[in-house]
Amino acid sequence: MSELSRTEVAAPLRAAVALRVEFDDFYAAELPRLIALARGLCPATVAEDVAQEAMLVAYRRWRDVSELERPDLWVRRTCANLAVSQFRRRMVELRATARLAGRRQPPVELSEQGEEFWTAVRDLPHRQAQAAALRFVYDMPLAEIATTLGTSEGTVKQHLSRARRSLATALGATTQEDD
Amino acid sequence: MTDLDTLARAATQDLLERTTPDVRSRYADLRRTRARRTTAKLAAAGAAIALAVGGWQLAGPQDDTIEPAPQPGLRNGVLLGLPTDAVAPGAAWSTLLGSPLTNLPQDSAVFAQYQFTAAGNEIVYADRDGRLSAVGVSTGLRRTLAECPDRICAGSLSPDGGTIAFSNRDRLLLQTVGSGAVRTVRAQALDLVGAPAWSPDGRSLAVAGGDGLYVVNVTDGDVRQVTGSTAAGPVSWSPDGRSVAYFVTEEHFGQSYDQQEFTAVSMVLETGVISTLLDAGRCACVGLAAPALAWSPDGLAVAVAITKDAGLPWGVYLVHQDGSAPELVASGSYAALAWQPLRG
């Protein structure tokens, strides 16, 4: 086999390895806050699995996802959607059942005030909850939330404004209008 | 009074500080899960080929009519549907066909499915305390059937009322009502999803998994994968026990989000012949329910709740055995259906 043909044969393998390394880095960078996002939108028992499921989709489709301008926003959107999707979350809940049964440590619980706040977020309508969670967890600007949720800045602004009003009422807090 | 931003900052800090996953071990989990699902899909493909060689027609010619004969002695009672916008604790189910029942569960959990008992006199459901309960539709009497494993109630009651079957990843748990004794049936399948559905004779269970649709013989524990990786629940048996209705799904990758495309189908288990019932639309299923279905107790129709982007307006349709056009019985989006059987 000539040097050239060896290179040709090796090229796809190298590309696959490069993709794998790229995903490793992406996973390590994104996972912690992705779990926090899921935890804001889901009960503790399933949050890790929701985030992991979003990562599994990204892993399976990494060749496509890595081509996107912002793979990080894509996986956050997938996670946020999964967290509020009735159909898909049920699947994750069932998978979580077995995993939790074999786990030594229970899922991490929040402080009483933290739990109260995030429970109020979860009680919001889905889109408002997603916008609020992305805002709080990632400190995202409106434009980035809009890109993540696949909607307009105006709509996001409206979601956040309504979310803040509802949260203030639920938590007995004062609020100022969002930017 | 505290400012909302102060509360939000404190709650977010609390959340981030307590969320410290072991990334290395979670990554190892991810790779294992990926490998396991790939293996299962290959196994499913292999099983399909083997069955096809053996004369089965898993993906064979499509009929336009529902194959099984009606079950004599059963007639249709009330058809209930759970409106998507009512999916919440204690949400109210709507009566889509028949006269409204006097008593419906008042404490059902979010996502709770309703199942009528074989006699049609009780509704079985998951309550908010993580138990599987039943309420008498005419008496209002409520009884607890079982504590759900980890408070996740993917369970259903056998036709004789004596056993509850729960899905739990790669196994089915059969729990005796009363004693609570549990027998485990280990499926070769992985990631069972949704409540198993009992066959009318109580001898088999059909359940959808992440990697296909399975029929389990309750007596000897034999597990048969009857379709490949694109099946999704809920699963509903024909009253004669010869066929099951379920959804075939196709995933569409999107810049915005992935969507599932659903087609309601029925399969004659003995021959493997699949008949298309209805295009049930597509959704990312965010804030929208995935489609639902239920076979009529008299066996003459299947009720299908479709989601958006189907060829028909949003609603619940009856797909009749005689092949006539689908009949709209309720407009709007419904997350679940349950059809009451009546004797005589």
# chains A, B, ... in the order shown; residues from 1 in each chain; ligands from 1

call {"tool": "closest_atom_pairs", "arguments": {"of": "range 104-168 of chain B", "to": "range 204-219 of chain B", "cutoff": "10 Å", "atoms": "only C-alpha atoms", "output": "tab-separated table"}}
result
residue	atom	partner	partner_atom	distance
B:Ser156	CA	B:Leu205	CA	9.8
B:Ser158	CA	B:Leu205	CA	9.2
B:Ala165	CA	B:Leu205	CA	8.3
B:Ser167	CA	B:Val207	CA	8.1

call {"tool": "select_by_dssp", "arguments": {"residues": "range 74-294 of chain B", "states": "strand (DSSP E)", "output": "JSON, numbers by chain"}}
result
{"B": [74, 75, 76, 77, 78, 79, 80, 81, 82, 83, 94, 95, 96, 97, 115, 116, 122, 123, 124, 125, 126, 131, 132, 133, 134, 135, 136, 142, 143, 144, 145, 146, 147, 155, 156, 157, 163, 164, 165, 166, 167, 168, 171, 172, 173, 174, 175, 176, 182, 183, 184, 185, 186, 192, 193, 194, 195, 196, 197, 198, 204, 205, 206, 207, 208, 209, 212, 213, 214, 215, 216, 217, 223, 224, 225, 226, 227, 231, 232, 233, 234, 235, 236, 237, 243, 244, 245, 246, 247, 248, 249, 250, 251, 252, 259, 260, 261, 262, 263, 264, 265, 266, 267, 268, 274, 275, 276, 277, 278, 279, 280, 281, 282, 283, 292, 293, 294]}

call {"tool": "atom_distance", "arguments": {"atom1": "CA of Thr263 in chain B", "atom2": "CA of Asp309 in chain B"}}
result
11.8 Å

call {"tool": "residues_around", "arguments": {"residues": "range 74-79 of chain A", "least_positions_apart": "5", "cutoff": "7 Å", "atoms": "only C-alpha atoms", "output": "count of residues only"}}
result
10

call {"tool": "closest_residue", "arguments": {"among": "A:Gly114, A:Arg60, A:Ala47, A:Thr169", "to": "chain B", "atoms": "only C-alpha atoms"}}
result
A:Gly114

call {"tool": "closest_residue", "arguments": {"among": "A:Ile35, A:Leu160, A:Ala44, A:Val121", "to": "chain B", "atoms": "only C-alpha atoms"}}
result
A:Ile35

call {"tool": "atom_distance", "arguments": {"atom1": "CA of Ala154 in chain B", "atom2": "CA of Arg128 in chain B"}}
result
13.4 Å

call {"tool": "residues_around", "arguments": {"residues": "range 132-144 of chain A", "least_positions_apart": "6", "cutoff": "7 Å", "atoms": "only C-alpha atoms", "output": "list of chain:residue names"}}
result
A:Ala36, A:Leu37, A:Gly40, A:Glu153, A:Val156, A:Lys157, A:Leu160, A:Ala163, B:Thr12

call {"tool": "write_last_selection", "arguments": {"atoms": "N, CA and C atoms", "output": "compact mmCIF listing (two decimals), in the first residue's frame"}}
result
# COMPACT_ATOMS: atom_id res chain seq x y z
N ALA A 36 -27.90 21.78 35.75
CA ALA A 36 -28.56 22.84 36.52
C ALA A 36 -29.81 23.34 35.79
N LEU A 37 -29.70 23.49 34.48
CA LEU A 37 -30.87 23.91 33.70
C LEU A 37 -32.00 22.90 33.84
N GLY A 40 -33.58 23.03 37.20
CA GLY A 40 -34.50 24.15 37.34
C GLY A 40 -35.87 23.85 36.75
N GLU A 153 -36.94 37.93 19.81
CA GLU A 153 -36.60 38.62 21.05
C GLU A 153 -37.84 39.19 21.73
N VAL A 156 -39.60 36.52 23.60
CA VAL A 156 -38.86 36.17 24.82
C VAL A 156 -39.08 37.24 25.89
N LYS A 157 -39.03 38.50 25.46
CA LYS A 157 -39.23 39.60 26.40
C LYS A 157 -40.60 39.47 27.08
N LEU A 160 -40.54 36.55 29.54
CA LEU A 160 -39.81 36.87 30.77
C LEU A 160 -40.59 37.83 31.65
N ALA A 163 -43.29 35.91 33.21
CA ALA A 163 -42.71 34.99 34.20
C ALA A 163 -42.35 35.74 35.46
N THR B 12 -30.35 30.66 42.21
CA THR B 12 -29.49 30.18 41.12
C THR B 12 -28.12 29.77 41.67

call {"tool": "atom_distance", "arguments": {"atom1": "CA of Met267 in chain B", "atom2": "CA of Pro239 in chain B"}}
result
13.4 Å

call {"tool": "residues_around", "arguments": {"residues": "Arg164 in chain A", "least_positions_apart": "5", "cutoff": "12 Å", "atoms": "only C-alpha atoms", "output": "VMD selection string"}}
result
(chain A and resid 117 120 to 121 124 128 to 129 131 to 133 135 to 136 157 to 159 169 to 179) or (chain B and resid 3 to 5 7 to 8)

call {"tool": "write_last_selection", "arguments": {"atoms": "C-alpha atoms", "output": "mmCIF file, in the first residue's frame"}}
result
data_model
loop_
_atom_site.group_PDB
_atom_site.id
_atom_site.type_symbol
_atom_site.label_atom_id
_atom_site.label_comp_id
_atom_site.auth_asym_id
_atom_site.auth_seq_id
_atom_site.Cartn_x
_atom_site.Cartn_y
_atom_site.Cartn_z
ATOM 1 C CA PHE A 117 -38.015 29.380 43.877
ATOM 2 C CA ALA A 120 -42.380 28.360 41.214
ATOM 3 C CA VAL A 121 -40.405 28.394 37.939
ATOM 4 C CA LEU A 124 -44.961 28.585 34.982
ATOM 5 C CA GLN A 128 -42.007 31.054 30.297
ATOM 6 C CA ALA A 129 -40.279 28.484 32.480
ATOM 7 C CA ALA A 131 -36.983 31.401 29.135
ATOM 8 C CA ALA A 132 -36.657 32.097 32.858
ATOM 9 C CA ALA A 133 -34.410 29.086 33.480
ATOM 10 C CA ARG A 135 -31.965 33.581 31.867
ATOM 11 C CA PHE A 136 -31.130 32.613 35.432
ATOM 12 C CA LYS A 157 -39.227 39.598 26.404
ATOM 13 C CA GLN A 158 -42.937 38.967 26.793
ATOM 14 C CA HIS A 159 -42.330 35.495 28.290
ATOM 15 C CA THR A 169 -46.764 36.898 43.000
ATOM 16 C CA ALA A 170 -46.008 33.278 43.851
ATOM 17 C CA LEU A 171 -43.013 34.147 46.020
ATOM 18 C CA GLY A 172 -44.379 37.341 47.554
ATOM 19 C CA ALA A 173 -41.547 39.424 46.069
ATOM 20 C CA THR A 174 -41.240 42.799 44.379
ATOM 21 C CA THR A 175 -40.083 43.067 40.773
ATOM 22 C CA GLN A 176 -38.939 45.531 38.146
ATOM 23 C CA GLU A 177 -39.523 45.034 34.413
ATOM 24 C CA ASP A 178 -36.898 42.991 32.592
ATOM 25 C CA ASP A 179 -34.607 44.666 30.060
ATOM 26 C CA ASP B 3 -36.772 41.777 45.511
ATOM 27 C CA LEU B 4 -37.306 39.001 42.922
ATOM 28 C CA ASP B 5 -33.801 39.465 41.473
ATOM 29 C CA LEU B 7 -34.293 35.730 45.328
ATOM 30 C CA ALA B 8 -33.381 34.569 41.826
#

call {"tool": "closest_residue", "arguments": {"among": "A:Cys42, A:Arg165, A:Glu112, A:Asp72", "to": "Ala29 in chain A", "atoms": "only C-alpha atoms"}}
result
A:Asp72

call {"tool": "closest_residue", "arguments": {"among": "A:Asp49, A:Leu73, A:Thr155, A:Leu110", "to": "chain B", "atoms": "only C-alpha atoms"}}
result
A:Leu110

call {"tool": "closest_residue", "arguments": {"among": "B:Ala290, B:Ala195, B:Val182, B:Ala338", "to": "chain A", "atoms": "only C-alpha atoms"}}
result
B:Ala290

call {"tool": "residues_around", "arguments": {"residues": "range 176-181 of chain B", "least_positions_apart": "5", "cutoff": "6 Å", "atoms": "only C-alpha atoms", "output": "PyMOL selection string"}}
result
chain B and resi 145+162-163

call {"tool": "write_last_selection", "arguments": {"atoms": "N, CA, C and O atoms", "output": "PDB file, in the first residue's frame"}}
result
ATOM      1  N   LEU B 145     -54.322   0.329  45.111  1.00  0.00           N
ATOM      2  CA  LEU B 145     -53.931  -0.981  44.594  1.00  0.00           C
ATOM      3  C   LEU B 145     -52.481  -1.309  44.909  1.00  0.00           C
ATOM      4  O   LEU B 145     -52.147  -2.439  45.242  1.00  0.00           O
ATOM      5  N   GLY B 162     -56.191  -8.988  39.609  1.00  0.00           N
ATOM      6  CA  GLY B 162     -55.336  -9.546  40.643  1.00  0.00           C
ATOM      7  C   GLY B 162     -53.876  -9.136  40.592  1.00  0.00           C
ATOM      8  O   GLY B 162     -53.143  -9.303  41.555  1.00  0.00           O
ATOM      9  N   THR B 163     -53.434  -8.594  39.456  1.00  0.00           N
ATOM     10  CA  THR B 163     -52.007  -8.305  39.288  1.00  0.00           C
ATOM     11  C   THR B 163     -51.816  -6.947  38.618  1.00  0.00           C
ATOM     12  O   THR B 163     -52.574  -6.576  37.727  1.00  0.00           O
TER      13      THR B 163
END
